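Asks: Okay, here's the structure, questions in a sec.
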Amino acid sequence: MIDLYEIQRAMRQMRKAAMQRGVVAILDLGTSQTTCLILRFDGGHVPGTDGVGPLAGQSRFRVIGAATTRSRGMRFGEIDVMQETERALRTVVQAAQKMAQVRVDHAIACFSGAGPRSYGLAGQIDLSGESVREADIAAVLASCEVPDLGPDRTVLHAQPVNFALDHRSGLTDPRGQVGNTLAADLHLLSVDAGVVRNLLHCVKRCDLELAGIASSAYASGIAALVEDEQSIGAACIDMGGGTTGISIFMRGHMIYADSVRIGGAHVTSDISKGFGISLSLAEKIKCYHGGLVPTGRDDRDMIELTGETGDWEHDRREISRSELIGIMRPRVEETLEAVRERLDAAGFEALPSQKIVLTGGASQVPGLMGLAARMLGHQVRLGRPLRVQGLPQAATGPGFSAAVGLSMFAAHPQDEWWDFEIPAERYPGRSLRRAVKWLKENW
Amino acid sequence: MCAVRSPREDYAPSRIAYRVNRLWLSPVFRVATLWLLPMAVIGGGAGLWASQPGSQELIQNVRMAVMARMRDQPDFQVKQMAVRGASPELTREIRRVLALEFPVSVIDLDLDAIRVKVSAFDAVQHVEAHIVLGGALMLDVTQRAPAVIWRNAGGLALLDEEGHRVALAERRDAAPELPLIAAAGAERAIPEALAIVAAAAPLRDRMRGLVRQGERRWDVALTGGQVIQLPETGAVEALERVLAMDEAGDLLGRDIRIIDMRNPARPTIRLGDEAFAYLKTLRGLEKG
């Protein structure tokens, strides 16, 4: 259990180094697009704000480089062909560096796949009437019973979401308070270890040091949910190319994350198969003419299909827009149904607020609002990422939620389990350090 | 119909291109390439060229030509020299020693060397040399004032108050108004000698000079071979006592060869021959 976090701790150190240097790259490795943002941190300096405060503290950084490219070698948000993914990474990193005119050495990456699985853990320690210290927090986090994650799984996030002191629950920071028992709830997200290893390797092959990894469902939630939604409770559905990520936020913390392995790429492949056209053409007509709610006008709205097969009849076909909608709608419905299932399984109805925010590249299809409202409940809205300083206009669409959220995550990292000192008694066989610790505490 | 397209090249940068790009973006490498490398190349090339004997000769020639051009500029010419504060003889000597041929260029004129040369004169206490506007060399000379005339084994010399030699003298008459001092070591005690001379003002007509004895104390030599021996310390007071005694009992008018004040507590006199004979006769008479 301890060695598992060594890599995470190393990343934290790396992140500190990156903050000190002031430049860090944000990599969003999606199934259909790979994005790189280069952030410059300038130590809380807020230029010329009159009256309007800094954007929820997000103005600490500035995007100085942004580039996006078509993903290569990715399937279902996981690295499938490493060399191809590496090329895509090199392309974006080089383009973003060119825009920023800065060499970047540290990267924070997010990915959507790898079968995330959420666990809620609870731990409790006896305080015997003393005030809570940092070590107690570490101890209560360490006392959480870690479930069997299964073979070849690793922990991506392990965030304390709630502290309770005696009978008072809902504390965000119990340090300094006095009580008898301290209890903590921990949200643990596990993913396939192989995917993380591949990602580490791939980023390393691009001469970058990985300073953190995150789930893109989590990152999208940070960017697309406004602060109220995060605190009252909301779900963020990040509809990406290969996967649809789900993250549920409550009291400012993510309490559940999951992903459905259906996304916009499946819609494209359905269109391609249904009409017998190339994937690129299918993507193009999906983007230009796609929709989800057919109207009478759509029967007369004809879309030309082109092709290069040489068969004149085949290359000069026309379809109506309602035919296209007829192909797209079942797939989107399927996606939303799967999302509904996951939300039900997570007990989303039990939350006080049923807000659902749709974001991600595939959420841009017209008519999704109405369909989602019917399937997921009425409190649905489309979400775009928060505006951060220096972000190019081209990167403000919903497809960049994860990247923007990741940059906010980089600026304000959530406390994770491994940010606290491991309690001394948990050290296996390091008796010397334990002795030193004992001396420090008792003398 | 569609033209057959060749498969598109990979748009992704190759690993090497990516690395080179990153290297180029690193500030140290960039500064090194844009500044240090060109500077090193230019500096190295210049050094290499300059180390060739042929080019060194060329550099020398160019330098000489430039210097010659500068030297010939009329604004840099010095046409005359003025010496201020020196006696006519000294001025003549200075001109003779410096031996400058006007007009001379400022570039060739070494003011420090001129200063050293002029300072080497005995009579010069201090000299300032500078070029004044309009092309003239100005020497401001402060001359030493002779205070005593000193006779030693080598002859006669005029000394100033600090004991520096001002000039050589052929005869005592060259400076009759200056007091005469004699013997080796006298030049190192001139302030004391001057004080003694001042104190001995009443004896001016009779005083021949001061003689330094053993480089530690003074004798006052008077006409008629009389000598007043003064102590090492308190010489002036001792002399004043002698003058007081002289005033009271006409000490110096008597037949006394030496008045010994070396021990101030016990003045001693040595009588002249006649006085001594007279004293003897007197003592014989007293004995009966």
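Identifiers for the structure tokens are assigned positionally: chains receive A, B, ... in sequence, residues are indexed from 1 per chain, and ligands are indexed from 1 in the order shown.
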Show me, as an MDAnalysis selection string, the residues of chain B whose atoms get within 9 Å of chain A, using only C-alpha atoms for the distance check.
Replies: chainID B and resid 1:2 10:15 18:19 21:27
Asks: The selected residues should be written to file as a short mmCIF file (atom, residue, chain, number, x, y, z; two decimals), in the first residue's frame (atoms: C-alpha atoms).
Replies:
```
data_model
loop_
_atom_site.label_atom_id
_atom_site.label_comp_id
_atom_site.auth_asym_id
_atom_site.auth_seq_id
_atom_site.Cartn_x
_atom_site.Cartn_y
_atom_site.Cartn_z
CA MET B 1 -11.78 11.63 -61.54
CA CYS B 2 -9.31 12.16 -58.89
CA ASP B 10 3.77 12.30 -41.20
CA TYR B 11 3.17 15.80 -39.88
CA ALA B 12 4.46 14.92 -36.46
CA PRO B 13 7.98 16.13 -35.78
CA SER B 14 10.53 13.36 -35.62
CA ARG B 15 12.18 12.62 -32.32
CA TYR B 18 11.50 17.60 -31.48
CA ARG B 19 14.63 17.42 -29.38
CA ASN B 21 13.42 22.29 -31.17
CA ARG B 22 13.38 21.93 -27.41
CA LEU B 23 17.09 22.48 -27.23
CA TRP B 24 16.72 25.67 -29.21
CA LEU B 25 14.04 26.87 -26.82
CA SER B 26 16.24 26.38 -23.78
CA PRO B 27 17.61 29.78 -22.78
#
```
Asks: Would you list the contacts of Arg133 of chain A as a ChimeraX atom specification, taking every protein, DNA or RNA residue within 10 Å and counting only C-alpha atoms, but skipping same-chain residues closer than 4 positions in sequence?
Replies: /A:127,137-139,174-178
Asks: So that I can see what lies close to segment 112-119 of chain A, please list as a list in words the residues with an atom at most 7 Å from it, counting only C-alpha atoms and leaving out residues fewer than 3 positions away in the same chain.
Replies: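 Counting only C-alpha atoms, the residues come to Gly30, Phe76, Gly77, Glu78, His187, Leu188, Leu189, Ser190, Val191, Asp192, Val195, Ser215, Ser216, Ala217, Thr243, Gly245, Tyr256, Ala257, Asp258 and Ser259 of chain A.
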Asks: Grab the residues selected above and save them as a PDB file, in the first residue's frame with C-alpha atoms.
Replies:
```
ATOM      1  CA  GLY A  30      -8.317  12.275 -25.463  1.00  0.00           C
ATOM      2  CA  PHE A  76     -11.348   4.433 -25.453  1.00  0.00           C
ATOM      3  CA  GLY A  77      -9.169   7.029 -23.769  1.00  0.00           C
ATOM      4  CA  GLU A  78      -6.281   4.615 -23.453  1.00  0.00           C
ATOM      5  CA  HIS A 187     -12.918   9.038  -2.173  1.00  0.00           C
ATOM      6  CA  LEU A 188     -10.607   6.660  -3.948  1.00  0.00           C
ATOM      7  CA  LEU A 189     -10.527   6.271  -7.692  1.00  0.00           C
ATOM      8  CA  SER A 190      -8.740   3.264  -9.071  1.00  0.00           C
ATOM      9  CA  VAL A 191      -7.709   2.711 -12.664  1.00  0.00           C
ATOM     10  CA  ASP A 192      -5.852   0.093 -14.624  1.00  0.00           C
ATOM     11  CA  VAL A 195      -2.727   2.425 -18.701  1.00  0.00           C
ATOM     12  CA  SER A 215      -8.904  11.616 -14.488  1.00  0.00           C
ATOM     13  CA  SER A 216     -10.348  13.746 -17.262  1.00  0.00           C
ATOM     14  CA  ALA A 217     -13.860  13.296 -15.888  1.00  0.00           C
ATOM     15  CA  THR A 243     -15.512   7.549 -23.715  1.00  0.00           C
ATOM     16  CA  GLY A 245     -16.829  10.405 -18.348  1.00  0.00           C
ATOM     17  CA  TYR A 256     -17.857   9.603  -7.639  1.00  0.00           C
ATOM     18  CA  ALA A 257     -16.336   9.080 -11.071  1.00  0.00           C
ATOM     19  CA  ASP A 258     -16.991   6.586 -13.763  1.00  0.00           C
ATOM     20  CA  SER A 259     -16.743   6.295 -17.494  1.00  0.00           C
TER      21      SER A 259
END
```
Asks: Report as a PyMOL selection string: the residues of segment 75-178 of chain A with a DSSP assignment of alpha helix (DSSP H), based on the backbone of this structure.
Replies: chain A and resi 82-100+134-142
Asks: Please provide the set of residues having any atom within 12 Å of Glu240 of chain B, restricted to only C-alpha atoms, with same-chain residues fewer than 2 positions apart removed, written as a PDB file with N, CA and C atoms, in the first residue's frame.
Replies:
```pdb
ATOM      1  N   ALA B 195      67.846  78.060  15.990  1.00  0.00           N
ATOM      2  CA  ALA B 195      67.387  78.563  17.283  1.00  0.00           C
ATOM      3  C   ALA B 195      68.560  79.135  18.081  1.00  0.00           C
ATOM      4  N   ILE B 196      69.674  78.426  18.037  1.00  0.00           N
ATOM      5  CA  ILE B 196      70.862  78.897  18.771  1.00  0.00           C
ATOM      6  C   ILE B 196      71.331  80.224  18.197  1.00  0.00           C
ATOM      7  N   VAL B 197      71.348  80.312  16.878  1.00  0.00           N
ATOM      8  CA  VAL B 197      71.801  81.557  16.246  1.00  0.00           C
ATOM      9  C   VAL B 197      70.896  82.716  16.646  1.00  0.00           C
ATOM     10  N   ALA B 198      69.566  82.399  16.682  1.00  0.00           N
ATOM     11  CA  ALA B 198      68.630  83.451  17.064  1.00  0.00           C
ATOM     12  C   ALA B 198      68.879  83.873  18.501  1.00  0.00           C
ATOM     13  N   ALA B 199      69.165  82.874  19.372  1.00  0.00           N
ATOM     14  CA  ALA B 199      69.390  83.206  20.777  1.00  0.00           C
ATOM     15  C   ALA B 199      70.687  83.995  20.968  1.00  0.00           C
ATOM     16  N   ALA B 200      71.617  83.742  20.073  1.00  0.00           N
ATOM     17  CA  ALA B 200      72.930  84.374  20.214  1.00  0.00           C
ATOM     18  C   ALA B 200      73.004  85.710  19.498  1.00  0.00           C
ATOM     19  N   ALA B 201      71.841  86.318  19.307  1.00  0.00           N
ATOM     20  CA  ALA B 201      71.818  87.593  18.586  1.00  0.00           C
ATOM     21  C   ALA B 201      72.746  88.646  19.206  1.00  0.00           C
ATOM     22  N   PRO B 202      72.825  88.725  20.545  1.00  0.00           N
ATOM     23  CA  PRO B 202      73.737  89.742  21.110  1.00  0.00           C
ATOM     24  C   PRO B 202      75.194  89.516  20.730  1.00  0.00           C
ATOM     25  N   LEU B 203      75.548  88.298  20.382  1.00  0.00           N
ATOM     26  CA  LEU B 203      76.949  87.994  20.073  1.00  0.00           C
ATOM     27  C   LEU B 203      77.235  88.062  18.584  1.00  0.00           C
ATOM     28  N   ILE B 228      82.045  78.259  23.038  1.00  0.00           N
ATOM     29  CA  ILE B 228      81.038  77.923  24.055  1.00  0.00           C
ATOM     30  C   ILE B 228      80.535  76.519  23.727  1.00  0.00           C
ATOM     31  N   LEU B 230      77.968  73.697  24.151  1.00  0.00           N
ATOM     32  CA  LEU B 230      76.579  73.607  24.583  1.00  0.00           C
ATOM     33  C   LEU B 230      76.193  72.140  24.817  1.00  0.00           C
ATOM     34  N   GLY B 234      68.722  71.298  25.721  1.00  0.00           N
ATOM     35  CA  GLY B 234      68.672  72.584  26.408  1.00  0.00           C
ATOM     36  C   GLY B 234      69.808  73.503  25.998  1.00  0.00           C
ATOM     37  N   ALA B 235      70.204  73.407  24.736  1.00  0.00           N
ATOM     38  CA  ALA B 235      71.334  74.195  24.251  1.00  0.00           C
ATOM     39  C   ALA B 235      71.025  75.687  24.308  1.00  0.00           C
ATOM     40  N   VAL B 236      69.804  76.048  23.929  1.00  0.00           N
ATOM     41  CA  VAL B 236      69.447  77.464  23.889  1.00  0.00           C
ATOM     42  C   VAL B 236      69.472  78.060  25.299  1.00  0.00           C
ATOM     43  N   GLU B 237      68.909  77.300  26.280  1.00  0.00           N
ATOM     44  CA  GLU B 237      68.891  77.802  27.654  1.00  0.00           C
ATOM     45  C   GLU B 237      70.321  77.991  28.175  1.00  0.00           C
ATOM     46  N   ALA B 238      71.157  76.979  27.831  1.00  0.00           N
ATOM     47  CA  ALA B 238      72.552  77.070  28.278  1.00  0.00           C
ATOM     48  C   ALA B 238      73.210  78.313  27.695  1.00  0.00           C
ATOM     49  N   VAL B 242      74.895  81.652  29.552  1.00  0.00           N
ATOM     50  CA  VAL B 242      76.221  82.208  29.263  1.00  0.00           C
ATOM     51  C   VAL B 242      76.105  83.701  28.972  1.00  0.00           C
ATOM     52  N   LEU B 243      75.059  84.046  28.188  1.00  0.00           N
ATOM     53  CA  LEU B 243      74.893  85.469  27.865  1.00  0.00           C
ATOM     54  C   LEU B 243      74.597  86.272  29.121  1.00  0.00           C
ATOM     55  N   ALA B 244      73.818  85.674  30.019  1.00  0.00           N
ATOM     56  CA  ALA B 244      73.504  86.366  31.269  1.00  0.00           C
ATOM     57  C   ALA B 244      74.763  86.570  32.088  1.00  0.00           C
ATOM     58  N   MET B 245      75.591  85.510  32.132  1.00  0.00           N
ATOM     59  CA  MET B 245      76.846  85.607  32.875  1.00  0.00           C
ATOM     60  C   MET B 245      77.744  86.668  32.251  1.00  0.00           C
ATOM     61  N   ASP B 246      77.689  86.691  30.911  1.00  0.00           N
ATOM     62  CA  ASP B 246      78.510  87.666  30.194  1.00  0.00           C
ATOM     63  C   ASP B 246      78.070  89.080  30.562  1.00  0.00           C
ATOM     64  N   GLU B 247      76.777  89.231  30.616  1.00  0.00           N
ATOM     65  CA  GLU B 247      76.259  90.556  30.921  1.00  0.00           C
ATOM     66  C   GLU B 247      76.616  90.935  32.357  1.00  0.00           C
ATOM     67  N   MET B 261      79.524  74.338  28.898  1.00  0.00           N
ATOM     68  CA  MET B 261      78.154  74.213  29.459  1.00  0.00           C
ATOM     69  C   MET B 261      77.599  72.821  29.235  1.00  0.00           C
ATOM     70  N   PRO B 264      74.911  71.420  32.323  1.00  0.00           N
ATOM     71  CA  PRO B 264      74.300  72.728  32.604  1.00  0.00           C
ATOM     72  C   PRO B 264      74.308  73.057  34.096  1.00  0.00           C
TER      73      PRO B 264
END
```
Asks: Could you check the closest approach to Pro160 of chain A for each of A:Leu382, A:Ala193, A:Leu37, A:Ala122 and tell me which residue wins, using only C-alpha atoms?
Replies: A:Ala122
Asks: Set the distance at 8 Å and use only C-alpha atoms: which residues neighbour Ala403 of chain A once local chain neighbours fewer than 6 positions away are removed? I'd like the list as a PyMOL selection string.
Replies: chain A and resi 26-28+35-37+110+219-220
Asks: What's the 10 Å shell around Thr268 of chain B, counting only C-alpha atoms, without same-chain residues fewer than 6 positions away, as a ChimeraX atom specification?
Replies: /B:229,258-262
Asks: Out of A:Asn198, A:Thr181, A:Ser32, A:Thr68, which residue has the shortest atom-to-atom distance to Ala362 of chain A when counting only C-alpha atoms?
Replies: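 Of all the options, A:Ser32 lies closest to Ala362 of chain A.
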